[in-house]
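Participant: Before I ask anything, let me first share the structure, which is written out below as structure tokens.
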Amino acid sequence: MTDTDDEKGTAGRSPASLLTRPLQPYTEIFRIPGAWSFSAAAVIGRMPMAMFGLGTVLLISAATGTYGMAGAVSALGSLGYAFTSPRMARLVDSYGQRRVLLPGLTVFVVATAALIAAVELRLATWTFFVAGTVAGAAMPSLGTMVRARWSVLLAGSPRLHAAFSFESVADELCFVIGPAAVTLLATEFFPASGIGLAALLCVAGSLWFAAQRGTEPVIVRPQAPPATPRKSGVRRGRPAPALAVLAPVYLLLGAMFVSVDLSTVAFAQHFGHKPLAGFILGTYAFGSATGGLWYGSRQWRAPVEKRFALTLTLTVAGVATFWAQPNLITLTCGIYLCGLTIAPTLIAGFSLLEAQAQPARRTEAMSWLSSGITAGVAAGASLVGFIIDAHGPRAGYAFAAACGVISAVICLTGLRRLRLPAPAQAPA
């Protein structure tokens, strides 16, 4: 599946050069002026995506003593993000990243402060839900914005593949560091410190990102044909044909991921080692980051839609073994191996959508994938919680596998919709 032309001449190279070759695609993309600045800013600014929900749960549960209400507020925040993210992305495509990012950031900070104040002052319960939902809905979606910048800077270049791979690895880094940091702060210092740090990181990263004006995509305004004026109320349709398949696939993946997370916590608790759940889930993210770096360092001959279907199937096959793991050691090994294919799956999905998306709606198109995963996480968390309570963690893993199987079936049956036109195959 990979190009091997360069491998014939490796015999005379030094060991150091052979070790650095896999990193060459990444060093090349970060030679672009301003690239490291906006990418690093986006990593900092999107840390809250892995911290805010958990920080909300820890804050409210510490004040009320109940996880039920805390989980409900967190879920509504996630649903708010899933609902508003594509609409905010549409505004970004129409008016520019900075003009939409800064007002949204202001709303997010005010709503987060209101949530902390409402909980600390023991205000009415409805204030928790209002502030939490608004904060979640207004959270900046820097992941889609940074990918939109890469899409413009590397349009038509095979290095776009490496850029998307790096951003997927950065996502996994957020999910390794974020939950551990917010849990430590909220439990060892004071409950509001976790969600407070998430807000501070979002402000710092977003302001730095917005300051990078030189790499901000130029607004593309499509011109409607004079003979066919646009009528009011007429829908613009999907920004990319692949969304008909990718949106439900990503929603089910979100449900699968959160089901694995919650089932792992329950599984570790069943064996009397609940604190190890964080380490095991960190191994999951580390495996995904490892696979993403390797995947992005190579150029592939196979069409991107076939790679997406293959890595998705392998991921689901790995998750399908979790319910049968006899102990935490075998689960950790299996979860790392399964994680190796997660980032390549997400990278291929974003590559498919980037190649198909209308230039004037690129950010909107990619935001639907993030929204799909977020909505899947919210829905999956509510369902798998009842399943684990009633039947135990192995049933939770079975539910995760079922979500994965359905996503793979949707992908395979809709593979024709994912196929790219011949000229777009090379850069994907």
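Lettering and numbering for the structure tokens are positional, with chains as A, B, ... in the shown order, residues counted from 1 in each chain, and ligands counted from 1 in the shown order.
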Name the residues in contact with segment 258-263 of chain A at a cut-off of 6 Å, using only C-alpha atoms, excluding same-chain residues fewer than 4 positions from it; report them as a PyMOL selection string.

Facilitator: chain A and resi 267+377+384+393+396+400

Participant: In segment 124-184 of chain A, what's helix (DSSP H, G or I) per DSSP? Answer as a VMD selection string?

Facilitator: chain A and resid 125 to 138 142 to 153 160 to 184

Participant: In terms of the shortest atom-to-atom distance over only C-alpha atoms, which of A:Thr27, A:Thr315, A:Ser61, A:Thr56 is closest to Ala131 of chain A?

Facilitator: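 Of the candidates, the smallest distance to Ala131 of chain A is held by A:Thr56.
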
Participant: If we count only C-alpha atoms, what is near Ala117 of chain A at a cut-off of 12 Å, once residues fewer than 3 positions away on the same chain are taken out, given as a PyMOL selection string?

Facilitator: chain A and resi 59-60+63+110-114+120-124+127-128+131-132+191-192+195-196

Participant: For a test of reading the model, state the distance in Å between atom CA of Val182 of chain A and atom CA of Ile342 of chain A, rounded to one decimal.

Facilitator: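 Distance between the two atoms: 23.9 Å.
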
Participant: With a distance cut-off of 7 Å and only C-alpha atoms, select the neighbouring residues of segment 355-357 of chain A, excluding the residue or stretch itself and same-chain residues fewer than 3 positions from it, and output the selection as an MDAnalysis selection string.

Facilitator: chainID A and resid 239:241 351:352 361:362 365 424 428

Participant: Neighbouring residues of Leu346 of chain A were defined as those with any atom within 12 Å, considering only C-alpha atoms; residues of the same chain fewer than 6 positions away were excluded. Please report them as a ChimeraX atom specification.

Facilitator: /A:161,164-169,171-172,246,249-250,253-254,288-289,291-292,295-296,304-305,307-312,315,339-340,352-353,366,369-370,373

Participant: So, with only C-alpha atoms as the atoms that count, which of A:Ala50, A:Leu173, A:Leu243, A:Ala268 lies closest to Gly349 of chain A?

Facilitator: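 Closest to Gly349 of chain A of all the choices is A:Leu243.
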
Participant: Could you list, as a PyMOL selection string, every residue within 9 Å of Ala398 of chain A, counting only C-alpha atoms and ignoring same-chain residues fewer than 2 positions away?

Facilitator: chain A and resi 319-323+393-396+400-403

Participant: May I have the residues within 10 Å of Ile280 of chain A as a VMD selection string, using only C-alpha atoms and disregarding those fewer than 5 positions away in the same chain?

Facilitator: chain A and resid 261 264 to 265 268 275 285 to 286 328 to 329 331 to 333 335 to 336

Participant: Please, could you write that set of residues out with N, CA and C atoms as a PDB file, in the first residue's frame?

Facilitator:
ATOM      1  N   ASP A 261     -14.727   4.276  27.176  1.00  0.00           N
ATOM      2  CA  ASP A 261     -14.202   5.017  28.327  1.00  0.00           C
ATOM      3  C   ASP A 261     -14.920   4.629  29.617  1.00  0.00           C
ATOM      4  N   THR A 264     -14.418   1.026  30.678  1.00  0.00           N
ATOM      5  CA  THR A 264     -13.073   0.795  31.219  1.00  0.00           C
ATOM      6  C   THR A 264     -12.992   1.216  32.680  1.00  0.00           C
ATOM      7  N   VAL A 265     -13.615   2.345  33.015  1.00  0.00           N
ATOM      8  CA  VAL A 265     -13.655   2.779  34.414  1.00  0.00           C
ATOM      9  C   VAL A 265     -14.360   1.731  35.267  1.00  0.00           C
ATOM     10  N   ALA A 268     -12.163  -1.495  35.553  1.00  0.00           N
ATOM     11  CA  ALA A 268     -11.078  -1.344  36.521  1.00  0.00           C
ATOM     12  C   ALA A 268     -11.612  -1.358  37.950  1.00  0.00           C
ATOM     13  N   PRO A 275      -8.302   3.556  40.048  1.00  0.00           N
ATOM     14  CA  PRO A 275      -7.351   4.596  39.611  1.00  0.00           C
ATOM     15  C   PRO A 275      -6.579   4.235  38.341  1.00  0.00           C
ATOM     16  N   ALA A 285      -5.213   6.457  24.036  1.00  0.00           N
ATOM     17  CA  ALA A 285      -4.871   7.665  23.290  1.00  0.00           C
ATOM     18  C   ALA A 285      -3.434   7.625  22.783  1.00  0.00           C
ATOM     19  N   PHE A 286      -2.527   7.047  23.573  1.00  0.00           N
ATOM     20  CA  PHE A 286      -1.130   6.950  23.137  1.00  0.00           C
ATOM     21  C   PHE A 286      -1.002   6.051  21.912  1.00  0.00           C
ATOM     22  N   LEU A 328      -7.021  -6.763  33.559  1.00  0.00           N
ATOM     23  CA  LEU A 328      -6.610  -5.425  33.147  1.00  0.00           C
ATOM     24  C   LEU A 328      -5.347  -5.426  32.292  1.00  0.00           C
ATOM     25  N   ILE A 329      -4.473  -6.410  32.493  1.00  0.00           N
ATOM     26  CA  ILE A 329      -3.238  -6.462  31.710  1.00  0.00           C
ATOM     27  C   ILE A 329      -3.540  -6.734  30.243  1.00  0.00           C
ATOM     28  N   LEU A 331      -6.390  -6.298  28.795  1.00  0.00           N
ATOM     29  CA  LEU A 331      -7.181  -5.185  28.278  1.00  0.00           C
ATOM     30  C   LEU A 331      -6.271  -4.039  27.849  1.00  0.00           C
ATOM     31  N   THR A 332      -5.260  -3.735  28.660  1.00  0.00           N
ATOM     32  CA  THR A 332      -4.345  -2.644  28.325  1.00  0.00           C
ATOM     33  C   THR A 332      -3.605  -2.923  27.027  1.00  0.00           C
ATOM     34  N   CYS A 333      -3.140  -4.152  26.868  1.00  0.00           N
ATOM     35  CA  CYS A 333      -2.450  -4.517  25.620  1.00  0.00           C
ATOM     36  C   CYS A 333      -3.394  -4.405  24.431  1.00  0.00           C
ATOM     37  N   ILE A 335      -6.126  -2.654  24.188  1.00  0.00           N
ATOM     38  CA  ILE A 335      -6.606  -1.293  23.956  1.00  0.00           C
ATOM     39  C   ILE A 335      -5.538  -0.446  23.259  1.00  0.00           C
ATOM     40  N   TYR A 336      -4.269  -0.725  23.533  1.00  0.00           N
ATOM     41  CA  TYR A 336      -3.197  -0.016  22.832  1.00  0.00           C
ATOM     42  C   TYR A 336      -3.177  -0.408  21.358  1.00  0.00           C
TER      43      TYR A 336
END
